[in-house]
>>> print(open('data05.cif').read())   # mmCIF, C-alpha atoms and all ligand atoms
data_data
loop_
_atom_site.label_atom_id
_atom_site.label_comp_id
_atom_site.auth_asym_id
_atom_site.auth_seq_id
_atom_site.Cartn_x
_atom_site.Cartn_y
_atom_site.Cartn_z
CA MET X 432 22.42 -8.74 17.52
CA GLY X 433 20.89 -12.07 16.68
CA ASP X 434 22.87 -15.19 16.03
CA ALA X 435 24.25 -15.73 12.56
CA ASP X 436 21.25 -17.58 11.27
CA SER X 437 18.40 -15.51 12.68
CA VAL X 438 16.89 -12.31 11.41
CA ASP X 439 17.16 -8.95 13.14
CA LEU X 440 14.09 -6.75 13.39
CA GLY X 441 14.63 -3.02 13.55
CA PRO X 442 12.70 -0.77 15.93
CA LEU X 443 9.17 0.18 14.88
CA GLY X 444 8.09 3.45 16.51
CA SER X 445 9.77 6.44 14.88
CA ALA X 446 11.25 4.31 12.06
CA VAL X 447 7.75 3.90 10.59
CA ARG X 448 6.62 6.61 8.14
CA ARG X 449 2.87 7.04 7.73
CA THR X 450 1.27 8.32 4.53
CA GLU X 451 -2.31 9.47 4.99
CA LEU X 452 -4.52 8.64 2.01
CA SER X 453 -8.07 9.86 1.35
CA HIS X 454 -11.21 8.50 3.06
CA GLY X 455 -9.41 7.61 6.30
CA ALA X 456 -6.98 5.16 4.70
CA TRP X 457 -3.26 5.18 5.42
CA VAL X 458 -0.06 3.30 4.63
CA ASP X 459 2.91 2.83 6.96
CA LEU X 460 6.33 2.05 5.55
CA CYS X 461 9.40 0.81 7.37
CA PRO X 462 12.13 0.09 4.82
CA GLY X 463 14.67 -2.51 5.93
CA TRP X 464 12.69 -3.57 9.00
CA VAL X 465 13.99 -7.14 8.67
CA SER X 466 17.71 -7.70 8.14
CA GLY X 467 19.63 -10.92 7.69
CA ALA X 468 16.64 -12.56 5.99
CA ASP X 469 18.45 -14.41 3.18
CA PRO X 470 18.43 -17.78 4.98
CA LEU X 471 14.77 -17.25 5.99
CA PHE X 472 13.83 -16.49 2.38
CA ALA X 473 15.52 -19.70 1.22
CA ARG X 474 13.82 -21.76 3.95
CA LEU X 475 10.39 -20.38 3.02
CA VAL X 476 10.84 -20.96 -0.73
CA ALA X 477 11.80 -24.57 -0.05
CA GLY X 478 9.68 -25.37 3.00
CA VAL X 479 6.24 -23.77 2.62
CA PRO X 480 3.66 -26.10 1.03
CA TRP X 481 2.92 -23.66 -1.79
CA HIS X 482 -0.32 -24.15 -3.70
CA ALA X 483 -0.96 -23.39 -7.34
CA GLU X 484 -4.60 -22.29 -7.54
CA ARG X 485 -6.87 -22.26 -10.54
CA ARG X 486 -9.86 -19.95 -10.89
CA THR X 487 -12.68 -19.54 -13.32
CA MET X 488 -12.50 -16.16 -15.02
CA TYR X 489 -14.77 -15.14 -17.89
CA GLU X 490 -15.88 -18.80 -18.18
CA ARG X 491 -12.31 -20.04 -18.55
CA VAL X 492 -10.22 -21.81 -15.94
CA VAL X 493 -6.94 -19.97 -15.51
CA ASP X 494 -3.91 -20.32 -13.25
CA VAL X 495 -3.68 -17.79 -10.43
CA PRO X 496 -0.39 -16.05 -11.30
CA ARG X 497 1.43 -16.72 -8.00
CA LEU X 498 1.76 -19.52 -5.45
CA THR X 499 0.00 -19.18 -2.10
CA LYS X 500 -0.42 -20.65 1.35
CA PHE X 501 -2.73 -19.32 4.08
CA TYR X 502 -2.03 -19.99 7.77
CA GLU X 503 -5.26 -19.89 9.78
CA PRO X 504 -5.42 -18.58 13.38
CA GLY X 505 -3.69 -21.12 15.62
CA GLU X 506 -2.06 -22.98 12.72
CA PRO X 507 1.70 -23.29 13.32
CA LEU X 508 3.71 -20.94 11.12
CA PRO X 509 6.38 -22.51 8.91
CA ASP X 510 9.25 -20.66 10.59
CA ASP X 511 9.84 -19.30 14.10
CA GLU X 512 11.12 -16.03 12.61
CA LEU X 513 7.59 -15.34 11.36
CA VAL X 514 6.26 -15.78 14.89
CA VAL X 515 8.77 -13.21 16.12
CA MET X 516 7.65 -10.78 13.41
CA ARG X 517 3.98 -11.32 14.17
CA GLU X 518 4.54 -10.70 17.89
CA ALA X 519 6.52 -7.49 17.22
CA LEU X 520 3.83 -6.21 14.85
CA SER X 521 1.05 -7.08 17.28
CA ALA X 522 2.88 -5.31 20.13
CA HIS X 523 3.44 -2.17 18.05
CA TYR X 524 -0.01 -1.90 16.46
CA ARG X 525 -2.25 -3.29 19.18
CA PRO X 526 -2.95 0.09 20.88
CA GLU X 527 -4.33 1.37 17.55
CA LEU X 528 -5.74 -1.90 16.17
CA GLY X 529 -7.23 -3.18 19.41
CA GLU X 530 -6.41 -6.81 18.62
CA PRO X 531 -3.42 -8.92 17.54
CA PHE X 532 -2.44 -10.19 14.10
CA VAL X 533 -3.39 -13.88 13.99
CA THR X 534 -3.16 -15.14 10.41
CA ALA X 535 -0.35 -15.24 7.85
CA GLY X 536 -1.14 -15.21 4.16
CA MET X 537 1.85 -16.00 2.00
CA CYS X 538 2.39 -15.42 -1.70
CA LEU X 539 5.35 -16.53 -3.81
CA TYR X 540 5.88 -14.50 -6.98
CA ARG X 541 8.16 -16.80 -8.96
CA ASP X 542 9.32 -14.08 -11.37
CA GLY X 543 8.17 -10.81 -12.93
CA SER X 544 5.26 -12.44 -14.72
CA ASP X 545 3.58 -13.38 -11.42
CA SER X 546 1.28 -10.68 -10.05
CA VAL X 547 -1.85 -9.81 -8.10
CA ALA X 548 -4.65 -7.82 -9.74
CA TRP X 549 -6.40 -4.76 -8.25
CA HIS X 550 -8.39 -5.73 -5.15
CA GLY X 551 -9.07 -4.89 -1.51
CA ASP X 552 -8.81 -7.53 1.21
CA THR X 553 -12.59 -7.47 1.69
CA ILE X 554 -13.38 -11.04 2.71
CA GLY X 555 -14.69 -10.69 6.27
CA ARG X 556 -14.52 -7.55 8.35
CA GLY X 557 -12.34 -5.57 5.92
CA ARG X 558 -15.46 -5.05 3.82
CA THR X 559 -17.15 -2.95 6.50
CA GLN X 560 -14.63 -2.05 9.22
CA ASP X 561 -11.31 -0.29 9.57
CA THR X 562 -8.52 -2.82 9.98
CA MET X 563 -4.84 -3.42 9.19
CA VAL X 564 -2.89 -5.70 6.88
CA ALA X 565 0.86 -5.81 7.61
CA ILE X 566 3.04 -7.02 4.73
CA VAL X 567 6.66 -8.14 5.06
CA SER X 568 8.34 -8.37 1.67
CA LEU X 569 11.25 -10.74 1.10
CA GLY X 570 13.40 -11.34 -1.96
CA SER X 571 13.26 -9.44 -5.21
CA PRO X 572 11.88 -5.88 -5.04
CA ARG X 573 8.47 -5.26 -6.62
CA ALA X 574 6.08 -2.32 -6.89
CA LEU X 575 2.91 -2.34 -4.78
CA LEU X 576 0.37 0.08 -6.25
CA LEU X 577 -2.54 1.71 -4.44
CA ARG X 578 -5.45 3.63 -5.94
CA PRO X 579 -8.81 4.88 -4.67
CA ARG X 580 -11.53 2.28 -5.26
CA GLY X 581 -13.32 2.79 -8.54
CA GLY X 582 -10.18 3.40 -10.54
CA GLY X 583 -10.30 7.20 -10.69
CA GLY X 584 -7.17 9.05 -9.63
CA ARG X 585 -3.51 8.28 -10.11
CA ALA X 586 -2.06 5.20 -8.50
CA LEU X 587 0.54 5.59 -5.75
CA ARG X 588 3.58 3.38 -6.21
CA PHE X 589 5.57 1.86 -3.35
CA GLU X 590 8.76 0.02 -4.28
CA ILE X 591 9.12 -2.63 -1.62
CA GLY X 592 12.29 -4.66 -1.29
CA HIS X 593 13.92 -7.38 0.77
CA GLY X 594 13.05 -6.88 4.45
CA ASP X 595 10.68 -3.93 3.97
CA LEU X 596 7.46 -3.58 5.98
CA LEU X 597 4.31 -2.00 4.50
CA VAL X 598 1.13 -1.75 6.54
CA MET X 599 -2.24 -0.77 5.06
CA GLY X 600 -4.58 0.65 7.68
CA GLY X 601 -7.75 2.57 8.41
CA SER X 602 -10.31 2.18 5.63
CA CYS X 603 -7.66 1.11 3.09
CA GLN X 604 -9.19 -2.28 2.26
CA ARG X 605 -12.63 -0.90 1.43
CA THR X 606 -11.91 2.59 0.07
CA TRP X 607 -8.66 1.84 -1.80
CA GLU X 608 -7.40 -1.07 -3.91
CA HIS X 609 -3.91 -2.50 -4.19
CA ALA X 610 -2.06 -4.52 -6.82
CA VAL X 611 1.37 -5.96 -7.60
CA PRO X 612 1.59 -5.66 -11.39
CA LYS X 613 3.68 -7.82 -13.65
CA SER X 614 7.19 -6.46 -14.03
CA VAL X 615 8.86 -6.33 -17.43
CA ARG X 616 12.18 -5.74 -15.75
CA ALA X 617 13.93 -8.94 -14.71
CA ALA X 618 12.46 -9.83 -11.33
CA GLY X 619 13.64 -12.75 -9.26
CA PRO X 620 11.39 -14.55 -6.78
CA ARG X 621 9.59 -12.55 -4.09
CA ILE X 622 7.68 -13.71 -1.01
CA SER X 623 4.99 -11.52 0.56
CA VAL X 624 3.90 -12.38 4.09
CA GLN X 625 0.61 -10.71 5.08
CA PHE X 626 -0.27 -10.63 8.77
CA ARG X 627 -3.96 -9.93 9.43
CA PRO X 628 -6.34 -9.90 12.40
CA HIS X 629 -9.09 -12.46 12.83
CA ASP X 630 -11.71 -12.53 10.04
CA VAL X 631 -9.87 -10.21 7.65
CA ARG X 632 -8.71 -11.65 4.34
O1 LIG X 701 2.26 -9.18 -2.68
C1 LIG X 701 1.80 -8.45 -1.83
O2 LIG X 701 2.53 -7.90 -1.00
C2 LIG X 701 0.31 -8.19 -1.76
C3 LIG X 701 -0.50 -9.44 -1.70
C4 LIG X 701 -1.94 -9.15 -1.51
O3 LIG X 701 -2.41 -8.07 -1.72
C5 LIG X 701 -2.86 -10.20 -1.00
O4 LIG X 701 -2.47 -11.36 -0.97
O5 LIG X 701 -3.98 -9.85 -0.59
FE FE X 702 -4.31 -7.83 -0.80
#
>>> encode(input="data05.cif", output="structure tokens")
Amino acid sequence: MGDADSVDLGPLGSAVRRTELSHGAWVDLCPGWVSGADPLFARLVAGVPWHAERRTMYERVVDVPRLTKFYEPGEPLPDDELVVMREALSAHYRPELGEPFVTAGMCLYRDGSDSVAWHGDTIGRGRTQDTMVAIVSLGSPRALLLRPRGGGGRALRFEIGHGDLLVMGGSCQRTWEHAVPKSVRAAGPRISVQFRPHDVR
């Protein structure tokens, strides 16, 4: 048991369910890995220096439909609870991954109209090598979709809620794509924390 204001992390190990995908990709799910995260969620919403990005798309400058902040290797994380999570994930996955998780990408989906389009995390080594991206989801539940790259084939749908862990591994970033579509159902704010190894983004 942690103290009243700190999160509790469940065991990894046998609590993690792996789904093998095609082409050597896989997804691990551990629902409810983090408990007691309401105060953490509130601290992150208020305390992370969230950025609104703008990008040029089809010759028009548009708002990226979510707020973001990326913590580089060695950059202090905004909350000690995230350090505890990163250490637990590194300890569990290191035998298979061969290296620790060192960065934290953070996204804030303000409501159901914020989203991320189909993509793989292919900046850096994810373009050519097997790797892992471990996502801790906090706040309102949203669907994370996965489909084989190229669009053919039905998308798999993972409903991920407050405190759930989803890890994409193997060739997932280069042979599959993932997305968090807009939700027409009322969706409150959601924070996604993505832990990645060095030079994967
Ligand atoms: O919201 C999520 O959990 C996914 C975010 C994502 O795919 C990314 O930032 O690369
Ligand atoms: Fe991604």
>>> closest_atom_pairs(input="data05.cif", of="stretch 523-610 of chain X", to="stretch 437-460 of chain X", cutoff="7 Å", atoms="all atoms listed in the file", output="Markdown table")
| residue | atom | partner | partner_atom | distance |
| --- | --- | --- | --- | --- |
| X:His523 | CA | X:Leu443 | CA | 7.0 |
| X:Leu596 | CA | X:Leu460 | CA | 5.8 |
| X:Leu597 | CA | X:Leu460 | CA | 4.6 |
| X:Val598 | CA | X:Asp459 | CA | 4.9 |
| X:Met599 | CA | X:Val458 | CA | 4.6 |
| X:Gly600 | CA | X:Trp457 | CA | 5.2 |
| X:Gly601 | CA | X:Ala456 | CA | 4.6 |
| X:Ser602 | CA | X:Ala456 | CA | 4.6 |
| X:Cys603 | CA | X:Ala456 | CA | 4.4 |
| X:Thr606 | CA | X:His454 | CA | 6.7 |
>>> residues_around(input="data05.cif", residues="stretch 613-625 of chain X", least_positions_apart="3", cutoff="8 Å", atoms="only C-alpha atoms", output="PyMOL selection string")
chain X and resi 472+476+534-546+564-573
>>> residues_near_point(input="data05.cif", point="(21.0, -14.0, 5.6)", cutoff="12 Å", atoms="only C-alpha atoms", output="list in words")
Gly433, Asp434, Ala435, Asp436, Ser437, Val438, Asp439, Val465, Ser466, Gly467, Ala468, Asp469, Pro470, Leu471, Phe472, Ala473, Arg474, Leu569, Gly570, His593 and Gly594 of chain X
>>> atom_distance(input="data05.cif", atom1="atom CA of X:Thr562", atom2="atom CA of X:Trp464")
21.2 Å
>>> residues_near_point(input="data05.cif", point="(10.9, 1.5, -7.2)", cutoff="8 Å", atoms="only C-alpha atoms", output="JSON, numbers by chain")
{"X": [572, 573, 574, 588, 589, 590, 591]}
>>> closest_atom_pairs(input="data05.cif", of="chain X", to="ligand FE 702 (chain X)", cutoff="10 Å", atoms="all atoms listed in the file", output="CSV")
residue,atom,partner,partner_atom,distance
X:Gly536,CA,X:FE702,FE,9.4
X:Val547,CA,X:FE702,FE,8.0
X:Ala548,CA,X:FE702,FE,8.9
X:Trp549,CA,X:FE702,FE,8.3
X:His550,CA,X:FE702,FE,6.3
X:Gly551,CA,X:FE702,FE,5.6
X:Asp552,CA,X:FE702,FE,4.9
X:Thr553,CA,X:FE702,FE,8.7
X:Val564,CA,X:FE702,FE,8.1
X:Ile566,CA,X:FE702,FE,9.2
X:Leu575,CA,X:FE702,FE,9.9
X:Met599,CA,X:FE702,FE,9.4
X:Gln604,CA,X:FE702,FE,8.0
X:Glu608,CA,X:FE702,FE,8.1
X:His609,CA,X:FE702,FE,6.3
X:Ala610,CA,X:FE702,FE,7.2
X:Val611,CA,X:FE702,FE,9.1
X:Gln625,CA,X:FE702,FE,8.2
X:Arg632,CA,X:FE702,FE,7.8
>>> closest_residue(input="data05.cif", among="X:Gly505, X:Pro462, X:Pro612, X:Gly584", to="ligand LIG 701 (chain X)", atoms="all atoms listed in the file")
X:Pro612
>>> closest_residue(input="data05.cif", among="X:Phe532, X:Tyr524, X:Phe626, X:Tyr489", to="ligand LIG 701 (chain X)", atoms="all atoms listed in the file")
X:Phe626
>>> closest_residue(input="data05.cif", among="X:Cys461, X:Leu577, X:Leu587, X:Leu475", to="X:Pro509", atoms="all atoms listed in the file")
X:Leu475
>>> closest_residue(input="data05.cif", among="X:Arg605, X:Arg580, X:Arg585, X:Arg497", to="ligand LIG 701 (chain X)", atoms="all atoms listed in the file")
X:Arg497
>>> axis_aligned_box(input="data05.cif", around="ligand LIG 701 (chain X)", padding_each_side="3 Å", output="lines of an AutoDock Vina configuration file")
center_x = -0.7
center_y = -9.6
center_z = -1.6
size_x = 12.5
size_y = 9.5
size_z = 8.1
>>> atom_distance(input="data05.cif", atom1="atom CA of X:Lys500", atom2="atom O4 of ligand LIG 701 (chain X)")
9.8 Å
>>> closest_residue(input="data05.cif", among="X:Gly555, X:Phe501, X:Glu512, X:Pro480", to="ligand LIG 701 (chain X)", atoms="all atoms listed in the file")
X:Phe501
>>> closest_residue(input="data05.cif", among="X:Leu520, X:Met488, X:Ala586, X:Val495", to="ligand LIG 701 (chain X)", atoms="only C-alpha atoms and all ligand atoms")
X:Val495
